[in-house]
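A.B. asks: Have a peek at entry21.txt (compact mmCIF, C-alpha atoms).
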```txt
# COMPACT_ATOMS: atom_id res chain seq x y z
CA MET A 1 -10.89 -23.93 21.63
CA TYR A 2 -9.82 -20.27 21.60
CA SER A 3 -8.46 -19.10 18.28
CA PRO A 4 -7.12 -15.54 17.98
CA GLU A 5 -7.51 -15.76 14.23
CA LYS A 6 -11.20 -16.61 14.50
CA GLU A 7 -11.74 -13.90 17.11
CA PHE A 8 -9.98 -11.34 14.92
CA LEU A 9 -11.95 -12.27 11.81
CA GLU A 10 -15.23 -12.05 13.73
CA LYS A 11 -14.35 -8.60 14.99
CA ILE A 12 -13.14 -7.41 11.61
CA GLU A 13 -16.35 -8.55 9.96
CA LYS A 14 -18.31 -5.78 11.71
CA HIS A 15 -15.90 -3.10 10.55
CA LYS A 16 -14.93 -4.17 7.07
CA GLY A 17 -17.33 -1.64 5.51
CA VAL A 18 -15.58 1.28 7.24
CA ILE A 19 -12.14 -0.10 6.38
CA PHE A 20 -13.12 -0.30 2.76
CA LYS A 21 -14.42 3.25 2.88
CA ILE A 22 -11.03 4.35 4.23
CA SER A 23 -9.44 2.55 1.28
CA LYS A 24 -11.75 4.43 -1.06
CA MET A 25 -10.83 7.73 0.59
CA TYR A 26 -7.13 7.15 0.07
CA MET A 27 -7.03 5.41 -3.30
CA ASP A 28 -8.73 6.47 -6.48
CA ASN A 29 -8.87 3.22 -8.39
CA LYS A 30 -10.32 -0.17 -7.63
CA ASP A 31 -7.05 -2.14 -7.68
CA ASP A 32 -5.34 0.20 -5.26
CA GLN A 33 -8.41 0.28 -3.02
CA ASN A 34 -8.42 -3.52 -2.83
CA ASP A 35 -4.67 -3.56 -2.18
CA LEU A 36 -4.96 -1.01 0.59
CA TYR A 37 -7.91 -2.83 2.13
CA GLN A 38 -5.91 -6.05 2.14
CA GLU A 39 -2.85 -4.30 3.57
CA ILE A 40 -4.90 -2.77 6.40
CA ILE A 41 -6.34 -6.16 7.35
CA TYR A 42 -2.85 -7.69 7.25
CA GLN A 43 -1.29 -4.90 9.33
CA ALA A 44 -4.13 -5.10 11.84
CA TRP A 45 -3.74 -8.86 12.12
CA LYS A 46 0.03 -8.50 12.52
CA SER A 47 -0.36 -6.13 15.45
CA TYR A 48 -3.49 -7.75 16.89
CA GLY A 49 -1.33 -9.59 19.42
CA ASP A 50 -0.15 -6.22 20.74
CA PHE A 51 -3.66 -4.83 20.97
CA GLN A 52 -4.15 -4.74 24.69
CA LYS A 53 -7.91 -4.34 24.82
CA LYS A 54 -7.44 -1.19 26.87
CA SER A 55 -9.07 0.76 24.11
CA ASP A 56 -12.08 -0.01 22.04
CA PHE A 57 -11.40 -2.43 19.15
CA SER A 58 -12.89 -0.08 16.57
CA THR A 59 -10.80 2.87 17.82
CA TRP A 60 -7.63 0.77 17.57
CA LEU A 61 -8.61 -0.64 14.20
CA TYR A 62 -9.41 2.75 12.67
CA ARG A 63 -6.10 4.11 13.88
CA THR A 64 -4.22 1.14 12.42
CA ALA A 65 -6.17 1.54 9.18
CA LEU A 66 -5.41 5.25 8.89
CA ASN A 67 -1.74 4.80 9.79
CA THR A 68 -1.43 2.14 7.10
CA ALA A 69 -3.31 4.26 4.55
CA ILE A 70 -1.26 7.40 5.25
CA VAL A 71 2.04 5.75 4.30
CA PHE A 72 0.71 3.31 1.72
CA LEU A 73 2.70 2.98 -1.50
CA ARG A 74 0.32 2.51 -4.36
CA SER A 75 0.55 -0.56 -6.58
CA GLU A 76 0.98 1.51 -9.69
CA LYS A 77 4.28 2.31 -8.02
CA LYS A 78 4.00 6.02 -7.97
CA ARG A 79 7.11 7.33 -6.28
CA SER A 80 5.24 9.28 -3.67
CA PHE A 81 2.28 8.21 -1.61
CA ILE A 82 1.44 11.85 -1.05
CA GLN A 83 -0.89 12.79 -3.82
CA LYS A 84 -0.88 16.46 -4.39
CA ASN A 85 -2.10 18.69 -7.17
CA GLN A 86 -3.66 15.76 -8.86
CA ASN A 87 -5.16 16.58 -12.18
CA ILE A 88 -8.85 17.00 -11.65
CA ASP A 89 -9.60 16.62 -15.33
CA GLY A 90 -7.67 13.38 -15.31
CA LEU A 91 -9.82 12.11 -12.49
CA ARG A 92 -13.00 13.15 -14.22
CA ALA A 93 -12.00 11.26 -17.28
CA GLN A 94 -11.94 8.03 -15.27
CA GLN A 95 -15.55 8.39 -14.25
CA GLU A 96 -18.44 6.65 -15.75
CA PRO A 97 -21.72 8.51 -16.29
CA TYR A 98 -23.98 8.58 -13.27
CA ASN A 99 -27.70 8.98 -13.29
CA ASP A 100 -28.59 8.88 -9.69
CA THR A 101 -28.03 12.09 -7.67
CA ASP A 102 -26.80 10.25 -4.61
CA ASP A 103 -24.31 8.31 -6.67
CA LYS A 104 -23.14 11.52 -8.28
CA ASN A 105 -22.72 13.17 -4.90
CA MET A 106 -20.97 10.12 -3.54
CA LYS A 107 -18.56 10.22 -6.45
CA LEU A 108 -18.04 13.92 -5.92
CA MET A 109 -17.35 13.33 -2.23
CA TYR A 110 -14.65 10.72 -2.86
CA GLU A 111 -13.22 12.68 -5.75
CA ALA A 112 -12.90 15.76 -3.56
CA ILE A 113 -11.37 13.76 -0.70
CA HIS A 114 -8.78 12.29 -3.08
CA GLN A 115 -7.43 15.80 -3.62
CA LEU A 116 -6.53 16.22 0.05
CA SER A 117 -3.24 15.36 1.76
CA PRO A 118 -3.11 12.06 3.70
CA ILE A 119 -3.36 13.88 7.04
CA ASP A 120 -6.36 15.92 5.88
CA LYS A 121 -8.02 12.75 4.67
CA ALA A 122 -7.64 11.28 8.15
CA LEU A 123 -9.18 14.41 9.66
CA ILE A 124 -12.11 14.25 7.26
CA PHE A 125 -12.58 10.60 8.13
CA PHE A 126 -12.86 11.49 11.82
CA PHE A 127 -15.30 14.26 10.92
CA LEU A 128 -17.45 11.89 8.87
CA GLU A 129 -17.37 9.32 11.65
CA ASP A 130 -18.49 11.97 14.16
CA PHE A 131 -15.37 11.89 16.33
CA SER A 132 -15.16 14.75 18.82
CA GLY A 133 -12.21 17.17 18.85
CA LYS A 134 -10.89 15.39 21.92
CA GLU A 135 -11.09 11.97 20.29
CA ILE A 136 -9.41 13.21 17.12
CA ALA A 137 -6.63 14.72 19.23
CA ARG A 138 -6.14 11.42 21.06
CA GLN A 139 -6.12 9.39 17.86
CA LEU A 140 -3.68 11.67 16.07
CA GLY A 141 -1.51 12.40 19.10
CA ILE A 142 -1.82 16.17 18.90
CA THR A 143 -3.46 18.74 21.17
CA GLU A 144 -7.19 19.26 21.05
CA VAL A 145 -6.77 22.86 19.92
CA ASN A 146 -4.44 21.76 17.15
CA ALA A 147 -6.87 19.02 16.13
CA ARG A 148 -9.75 21.49 15.89
CA VAL A 149 -7.69 23.98 13.89
CA LYS A 150 -6.50 21.26 11.52
CA LEU A 151 -10.00 19.89 11.08
CA LYS A 152 -11.32 23.36 10.28
CA ARG A 153 -8.60 23.85 7.66
CA ALA A 154 -9.18 20.40 6.17
CA LYS A 155 -12.89 21.14 5.85
CA GLU A 156 -12.15 24.48 4.18
CA LYS A 157 -9.80 22.77 1.72
CA LEU A 158 -12.45 20.17 1.01
CA LYS A 159 -15.01 22.89 0.30
CA GLU A 160 -12.60 24.60 -2.08
CA VAL A 161 -11.97 21.37 -3.94
CA ILE A 162 -15.69 20.72 -4.24
CA GLU A 163 -16.20 24.16 -5.73
CA LYS A 164 -13.38 23.58 -8.20
CA LEU A 165 -14.78 20.21 -9.19
CA ARG A 166 -18.23 21.73 -9.64
CA ALA A 167 -16.81 24.58 -11.72
CA ASN A 168 -14.95 22.06 -13.88
CA SER A 169 -18.02 19.94 -14.42
CA ASN A 170 -20.14 22.91 -15.56
CA MET B 171 -23.83 20.59 -1.03
CA GLU B 172 -22.73 21.25 2.51
CA LEU B 173 -20.15 19.11 4.25
CA GLU B 174 -22.77 17.95 6.73
CA ASN B 175 -24.52 16.26 3.84
CA PHE B 176 -21.34 14.29 3.26
CA LYS B 177 -21.84 12.66 6.63
CA GLN B 178 -25.20 11.37 5.56
CA LEU B 179 -23.74 10.13 2.30
CA TRP B 180 -20.82 8.56 4.13
CA HIS B 181 -23.09 6.58 6.40
CA THR B 182 -25.26 5.41 3.54
CA ASP B 183 -22.25 4.33 1.50
CA ASN B 184 -22.24 0.62 1.14
CA GLY B 185 -21.38 0.98 -2.54
CA GLN B 186 -19.22 -1.95 -3.46
CA ASP B 187 -18.72 -5.05 -1.43
CA PRO B 188 -15.29 -5.12 0.14
CA PRO B 189 -13.04 -7.89 -1.13
CA GLU B 190 -12.68 -11.15 0.78
CA VAL B 191 -10.83 -10.73 4.07
CA SER B 192 -7.49 -12.48 3.95
CA LEU B 193 -4.76 -12.59 6.57
CA GLU B 194 -2.11 -13.32 3.95
CA LYS B 195 0.61 -10.82 3.21
CA GLN B 196 0.44 -9.26 -0.20
CA ARG B 197 3.18 -10.04 -2.64
CA GLU B 198 3.63 -6.40 -3.48
CA ILE B 199 5.49 -3.75 -1.53
CA HIS B 200 3.26 -1.17 0.07
CA SER B 201 5.19 0.15 3.01
CA PRO B 202 8.11 2.57 2.66
CA LEU B 203 10.05 0.70 5.31
CA GLN B 204 9.57 -2.58 3.51
CA MET B 205 10.72 -0.93 0.31
CA LEU B 206 13.85 0.23 2.09
CA LYS B 207 14.44 -3.24 3.48
CA ILE B 208 14.16 -4.84 0.05
CA ASN B 209 16.47 -2.21 -1.47
CA MET B 210 19.01 -2.64 1.29
CA GLU B 211 18.91 -6.41 1.00
CA THR B 212 19.47 -6.24 -2.76
CA GLU B 213 22.31 -3.79 -2.35
CA PHE B 214 23.89 -5.90 0.38
CA TRP B 215 24.09 -8.97 -1.86
CA LEU B 216 25.30 -6.90 -4.79
CA MET B 217 28.10 -5.49 -2.67
CA ILE B 218 28.98 -8.89 -1.24
CA VAL B 219 29.42 -10.23 -4.76
CA THR B 220 31.00 -7.29 -6.56
CA LEU B 221 33.12 -5.43 -4.05
CA PRO B 222 35.51 -8.24 -3.04
CA LEU B 223 36.02 -8.92 -6.75
CA LEU B 224 36.81 -5.29 -7.40
CA LEU B 225 39.05 -4.93 -4.36
CA SER B 226 41.03 -8.04 -5.00
CA SER B 227 41.31 -8.09 -8.77
CA PHE B 228 44.03 -5.44 -9.21
CA PRO B 229 46.27 -6.28 -6.28
CA PHE B 230 45.92 -10.01 -6.92
CA ALA B 231 47.52 -9.46 -10.28
CA SER B 232 50.64 -8.56 -8.34
CA SER B 233 53.22 -11.27 -7.79
CA ASP B 234 54.13 -9.75 -4.43
CA SER B 235 52.79 -12.04 -1.72
CA ASN B 236 52.65 -9.11 0.74
CA ILE B 237 50.30 -7.24 -1.54
CA ARG B 238 48.15 -10.33 -2.00
CA MET B 239 47.95 -10.82 1.75
CA ILE B 240 47.03 -7.17 2.39
CA SER B 241 44.37 -7.29 -0.34
CA THR B 242 42.86 -10.39 1.14
CA LEU B 243 42.77 -8.80 4.59
CA VAL B 244 41.18 -5.61 3.21
CA THR B 245 38.57 -7.70 1.40
CA ILE B 246 37.74 -9.62 4.56
CA LEU B 247 37.55 -6.37 6.50
CA THR B 248 35.21 -4.91 3.89
CA ILE B 249 32.90 -7.91 4.01
CA GLY B 250 32.97 -7.60 7.80
CA PHE B 251 31.85 -3.97 7.47
CA MET B 252 29.01 -4.89 5.17
CA VAL B 253 27.75 -7.69 7.38
CA TYR B 254 27.95 -5.48 10.48
CA PHE B 255 26.06 -2.55 8.97
CA TYR B 256 23.44 -4.74 7.38
CA SER B 257 22.85 -6.62 10.63
CA ARG B 258 22.42 -3.25 12.42
CA PHE B 259 19.77 -2.29 9.93
CA LEU B 260 17.98 -5.61 10.25
CA SER B 261 17.89 -5.42 14.03
CA LEU B 262 16.48 -1.91 13.71
CA TYR B 263 13.83 -3.19 11.33
CA LYS B 264 12.79 -5.86 13.80
CA LEU B 265 12.31 -3.21 16.50
CA LEU B 266 9.42 -1.88 14.49
CA ARG B 267 7.05 -4.47 15.87
CA LYS B 268 5.37 -1.92 18.04
CA ASN B 269 2.13 -1.05 19.67
CA SER B 270 0.09 1.55 17.91
CA ILE B 271 -0.22 4.49 20.30
CA ASN B 272 -1.36 7.31 18.06
CA THR B 273 -0.74 8.46 14.52
CA ASN B 274 1.73 11.16 15.45
CA TYR B 275 3.77 8.80 17.62
CA ASP B 276 3.72 6.01 15.03
CA LEU B 277 4.77 8.32 12.22
CA PHE B 278 7.43 9.88 14.40
CA ILE B 279 8.83 6.44 15.24
CA LEU B 280 8.77 5.50 11.57
CA LYS B 281 10.52 8.73 10.63
CA THR B 282 13.16 8.20 13.31
CA GLN B 283 13.78 4.62 12.25
CA LEU B 284 14.11 5.64 8.63
CA LEU B 285 16.47 8.49 9.43
CA ILE B 286 18.60 6.24 11.64
CA SER B 287 18.74 3.66 8.85
CA LYS B 288 19.88 6.36 6.47
CA GLU B 289 22.58 7.52 8.88
CA ILE B 290 23.79 3.95 9.38
CA TYR B 291 23.93 3.63 5.63
CA ILE B 292 25.90 6.87 5.18
CA SER B 293 28.37 5.90 7.88
CA TYR B 294 28.79 2.58 6.12
CA TYR B 295 29.99 4.33 2.99
CA ILE B 296 32.08 6.82 4.92
CA ALA B 297 33.79 3.86 6.57
CA TYR B 298 35.14 3.05 3.12
CA ILE B 299 37.29 6.18 3.04
CA PRO B 300 40.09 4.79 5.25
CA LEU B 301 39.84 1.54 3.30
CA ALA B 302 40.20 3.48 0.07
CA PHE B 303 43.22 5.23 1.52
CA LEU B 304 44.77 1.86 2.33
CA LEU B 305 43.92 0.44 -1.07
CA SER B 306 45.43 3.44 -2.79
CA LEU B 307 48.60 2.86 -0.80
CA ILE B 308 48.56 -0.78 -1.83
CA LYS B 309 48.37 0.31 -5.44
CA ILE B 310 51.70 2.13 -5.18
CA ASN B 311 53.28 -0.57 -3.02
CA PHE B 312 53.58 1.99 -0.20
CA HIS B 313 56.20 4.00 -2.11
CA PHE B 314 55.67 7.72 -2.62
CA ASP B 315 59.26 8.29 -3.64
CA MET B 316 58.91 7.07 -7.20
CA ALA B 317 57.84 9.10 -10.21
CA TYR B 318 54.06 9.48 -10.56
CA ASN B 319 53.32 7.27 -7.54
CA LEU B 320 51.92 10.25 -5.66
CA ALA B 321 49.69 11.11 -8.64
CA ILE B 322 48.49 7.50 -8.95
CA PHE B 323 47.77 7.40 -5.23
CA GLY B 324 45.95 10.76 -5.42
CA ILE B 325 43.82 9.79 -8.41
CA SER B 326 42.97 6.40 -6.98
CA PHE B 327 41.92 7.95 -3.66
CA PHE B 328 40.06 10.77 -5.40
CA ILE B 329 38.04 8.27 -7.49
CA THR B 330 36.84 6.56 -4.31
CA LEU B 331 35.94 9.88 -2.73
CA LEU B 332 34.01 10.76 -5.85
CA LEU B 333 32.19 7.42 -5.74
CA VAL B 334 31.30 7.91 -2.08
CA TYR B 335 30.04 11.43 -2.85
CA PHE B 336 27.99 10.14 -5.76
CA ILE B 337 26.49 7.34 -3.66
CA ILE B 338 25.59 9.67 -0.79
CA LYS B 339 24.11 12.28 -3.08
CA TYR B 340 22.14 10.27 -5.65
CA TRP B 341 22.06 6.56 -4.89
CA ILE B 342 20.84 7.04 -1.32
CA TYR B 343 18.17 9.46 -2.50
CA TYR B 344 16.68 7.15 -5.11
CA MET B 345 16.96 4.00 -3.04
CA TYR B 346 15.95 5.39 0.34
CA GLY B 347 15.81 9.17 0.70
CA ARG B 348 12.72 9.82 -1.37
CA TYR B 349 10.65 7.51 0.86
CA ILE B 350 12.05 9.18 3.96
CA GLU B 351 11.29 12.67 2.63
CA ASP B 352 7.59 11.88 2.40
CA ILE B 353 7.38 10.59 5.96
CA VAL B 354 9.26 13.64 7.26
CA GLN B 355 6.79 15.82 5.40
CA LEU B 356 3.83 14.00 6.96
CA VAL B 357 5.20 14.35 10.49
CA ASP B 358 5.92 18.03 9.89
CA GLU B 359 2.42 18.57 8.54
CA LEU B 360 0.85 16.87 11.53
CA ASN B 361 2.88 18.96 13.95
CA GLY B 362 2.37 22.19 12.08
CA ILE B 363 6.05 22.56 11.27
CA GLU B 364 6.63 24.74 8.26
CA GLY B 365 9.02 22.79 6.10
CA THR B 366 10.93 24.11 3.16
CA PRO B 367 8.46 24.73 0.37
CA GLU B 368 7.97 21.56 -1.58
CA LYS B 369 10.22 21.51 -4.58
CA LYS B 370 8.30 21.30 -7.79
CA ARG B 371 8.99 17.76 -8.79
CA GLN B 372 10.54 17.77 -12.17
CA LYS B 373 10.07 15.05 -14.69
CA ARG B 374 10.29 11.57 -13.27
CA SER B 375 13.89 10.35 -13.37
CA TRP B 376 15.00 7.41 -15.50
CA PHE B 377 15.57 5.41 -12.33
CA GLU B 378 11.95 5.96 -11.27
CA ARG B 379 10.62 5.21 -14.74
CA SER B 380 12.50 1.94 -15.01
CA GLN B 381 11.51 1.06 -11.43
CA LYS B 382 7.86 1.59 -12.27
CA PHE B 383 8.21 -0.41 -15.48
CA PHE B 384 9.89 -3.41 -13.83
CA MET B 385 7.65 -3.39 -10.76
CA ASN B 386 4.54 -3.32 -12.88
CA LYS B 387 5.88 -6.31 -14.79
CA PHE B 388 7.44 -8.40 -12.04
CA GLY B 389 6.32 -6.97 -8.65
CA ILE B 390 8.99 -7.13 -5.90
CA LYS B 391 11.37 -8.98 -8.22
CA GLY B 392 11.05 -6.10 -10.64
CA ASN B 393 12.33 -3.73 -7.98
CA ILE B 394 15.30 -6.00 -7.31
CA LEU B 395 15.99 -6.28 -11.03
CA ASN B 396 15.86 -2.51 -11.41
CA THR B 397 18.35 -2.07 -8.56
CA VAL B 398 20.73 -4.64 -10.04
CA ILE B 399 20.57 -3.08 -13.50
CA TRP B 400 21.21 0.42 -12.17
CA PHE B 401 23.94 -0.75 -9.81
CA VAL B 402 25.84 -2.45 -12.63
CA SER B 403 25.17 0.42 -15.08
CA VAL B 404 26.42 3.02 -12.62
CA TYR B 405 29.56 0.95 -12.02
CA ILE B 406 30.24 0.68 -15.74
CA PHE B 407 29.38 4.32 -16.39
CA ILE B 408 31.69 5.58 -13.65
CA ILE B 409 34.56 3.38 -14.81
CA LEU B 410 34.10 4.49 -18.45
CA PHE B 411 33.67 8.14 -17.50
CA LEU B 412 36.77 8.21 -15.32
CA THR B 413 38.79 6.33 -17.94
CA VAL B 414 37.87 8.95 -20.53
CA VAL B 415 38.70 11.79 -18.10
CA LEU B 416 42.06 10.24 -17.17
CA PHE B 417 43.02 9.61 -20.78
CA THR B 418 42.09 13.17 -21.64
CA ILE B 419 44.25 14.51 -18.80
CA ILE B 420 47.15 12.28 -19.83
CA PHE B 421 46.76 13.27 -23.47
CA ILE B 422 46.68 17.00 -22.70
CA GLY B 423 49.53 16.60 -20.18
CA ALA B 424 51.66 14.79 -22.75
CA LYS B 425 50.92 17.41 -25.41
CA LEU B 426 51.94 20.18 -23.02
CA ASP B 427 55.01 18.23 -21.92
CA ILE B 428 53.81 18.12 -18.33
CA ILE B 429 53.43 14.34 -18.31
CA HIS B 430 56.15 12.08 -19.63
CA ILE B 431 54.49 9.07 -21.13
CA ASP B 432 57.44 6.68 -20.79
CA THR B 433 57.92 7.46 -17.12
CA LEU B 434 54.18 7.11 -16.56
CA LEU B 435 54.12 3.76 -18.34
CA ASN B 436 57.02 2.60 -16.20
CA ALA B 437 55.16 3.70 -13.09
CA LEU B 438 52.02 1.85 -14.19
CA GLU B 439 54.15 -1.19 -15.04
CA ARG B 440 55.43 -1.22 -11.47
CA LEU B 441 51.85 -1.50 -10.21
CA ASN B 442 51.64 -4.94 -11.68
```
Output the file's structure as structure tokens, nothing else.
C.D. replies:
Amino acid sequence: MYSPEKEFLEKIEKHKGVIFKISKMYMDNKDDQNDLYQEIIYQAWKSYGDFQKKSDFSTWLYRTALNTAIVFLRSEKKRSFIQKNQNIDGLRAQQEPYNDTDDKNMKLMYEAIHQLSPIDKALIFFFLEDFSGKEIARQLGITEVNARVKLKRAKEKLKEVIEKLRANSN
Amino acid sequence: MELENFKQLWHTDNGQDPPEVSLEKQREIHSPLQMLKINMETEFWLMIVTLPLLLSSFPFASSDSNIRMISTLVTILTIGFMVYFYSRFLSLYKLLRKNSINTNYDLFILKTQLLISKEIYISYYIAYIPLAFLLSLIKINFHFDMAYNLAIFGISFFITLLLVYFIIKYWIYYMYGRYIEDIVQLVDELNGIEGTPEKKRQKRSWFERSQKFFMNKFGIKGNILNTVIWFVSVYIFIILFLTVVLFTIIFIGAKLDIIHIDTLLNALERLN
């Protein structure tokens, strides 16, 4: 017997890794990441009935995930979900010592991404997932030129943050 | 490390295992719209309980059956207002079951819905102004031709205007506006609209601090509790503040022989 719930869970299973990575991009602590992950799954399930299979499931799911993440209110009840000018030192203090280079770089990557605005985070996600300018434009609902310009700026900001983080760690 | 290297890292990231997939709704509030809905619901019930009491308590003290009848009608009318506006908001909230088209569209729809909710809310409070006018008339038994009645009417009406101003300026911001501001900012950013430079957020307000404290302790219920506490505190504060201001004016007026205490007392006596 056909069960939409079963079908949804099967489909989600293949993508849960990416959804969790989105949660890690947007939230800087484990509790909030788990909350966001759960919220994304819930929001996707809620609108699954409206998903008309015209687009690819993963495309639809990523968009739902990003839309949820962009406006997500964190559980520590910060007033704003837009994290700006976050204290880099404060973030560093939360870290545990890393030995492995890859782990260190991974931590640096997420730490740097956390400093970006929600929209820039979405752009970086598309970049990391190898979306073309056209696809990014379609997902975000802006023109291709605008998408490319925004992506370029987001990457520049990310580079700046990385340099700052490096300078702080030395 | 170049950004291209991030891609490689990104694809190799399988760091922690994601939590168990669950289709259950979380017990916490994570969406700005949901936060607004909870706040509006709390405020609705607070108003339903407190406002009729406040509207009817003074006039009911009157022995005049006309006054009692008018007060009852005004109270019913007020409750009607509340129910109407709240139902408009709820129907708007239900409209949000939408298809996801793209981020810009979804955020724009969210922004529009939030702004419309805010406007409905403001009009709700503005709708109180004629009611306040009527209530102020009730207070003086519809007679301007007696000593101090005009002043009592004026002060009574002015207090309501002040309350409406206070609600529109501060209460709406803390309960709703601050969530709306962030969405507006996101939409502007996505569309490359230069907004006004972001105001340096000063220290977190007491409202926000207590909200955080209660929500960390009790989740959604904490938010409701915070709203109730602030609602009641603001009521009490405004009443105390205005009482002090009025007494000061009366005291100075009496000292300067502008206000005649006996006549004023007689006028106040007539209100009962």
A.B. asks: Would you mind telling me which residue in A:Ala65, A:Ile113, A:Leu140, A:Ile12 lies nearest to chain B when using only C-alpha atoms?
C.D. replies: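 Using only C-alpha atoms, the shortest distance to chain B belongs to A:Leu140.
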A.B. asks: Give me, as a list in words, the residues of chain A touching chain B, with the criterion being at most 6 Å (counting only C-alpha atoms).
C.D. replies: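 Residues passing the distance filter: Phe20, Tyr42, Asp50, Phe72, Leu73, Lys77, Leu128, Gln139, Leu140 and Gly141 of chain A.
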A.B. asks: In Å, how far is it from CA of Leu434 (chain B) to CA of Phe421 (chain B)?
C.D. replies: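 Interatomic distance here is 11.9 Å.
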A.B. asks: Excluding Lys152 (chain A) and residues on its chain fewer than 3 positions from it, collect all residues at most 10 Å away from it, counting all atoms listed in the file, and give them as a list in words.
C.D. replies: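 After dropping sequence-adjacent residues, the list is Asp120, Leu123, Ile124, Phe127, Asn146, Ala147, Arg148, Val149, Lys155, Glu156, Lys157 and Leu158 of chain A.
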A.B. asks: Do you know which residues lie at most 12 Å from (-14.5, 0.8, 15.8), with coordinates as in the file and only C-alpha atoms counted, and could you write them as a ChimeraX atom specification?
C.D. replies: /A:11-19,55-65,126,129-131
A.B. asks: Report the distance between CA of Phe323 (chain B) and CA of Ser306 (chain B) in Å, rounded to one decimal place.
C.D. replies: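 Value for the CA of Phe323 (chain B)-CA of Ser306 (chain B) distance: 5.2 Å.
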A.B. asks: Please compute the CA of Tyr110 (chain A)-CA of Ser132 (chain A) distance, one decimal, in Å.
C.D. replies: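 CA of Ser132 (chain A) lies 22.1 Å from CA of Tyr110 (chain A).
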A.B. asks: Region 408-415 of chain B: which residues within 8 Å, counting only C-alpha atoms, same-chain residues fewer than 4 positions away excluded, as a list in words?
C.D. replies: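 Close residues of region 408-415 of chain B: Ile329, Val404 and Ile419 of chain B.
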A.B. asks: Choose the residue, out of A:Asp28, A:Ser47, A:Lys21, A:Leu36, that has the smallest atom-to-atom separation from Phe8 (chain A); count all atoms listed in the file.
C.D. replies: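 Using all atoms listed in the file, Phe8 (chain A) sits closest to A:Ser47.
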A.B. asks: With all atoms listed in the file as the atoms that count, which of A:Glu160, A:Glu10, A:Glu39, A:Asp32 lies nearest to Leu116 (chain A)?
C.D. replies: A:Glu160
A.B. asks: Nearest to Asn236 (chain B) among B:Ile394, B:Ile350, B:Ile308, B:Leu331, with distances taken over all atoms listed in the file: which residue is it?
C.D. replies: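 The closest residue to Asn236 (chain B) is B:Ile308.
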A.B. asks: Which residues are near Gln283 (chain B)? Cut-off 12 Å, all atoms listed in the file, ignore same chain within fewer than 2 positions. Put them as a ChimeraX atom specification.
C.D. replies: /B:202-203,206-207,258-267,276-281,285-290,350,353-354
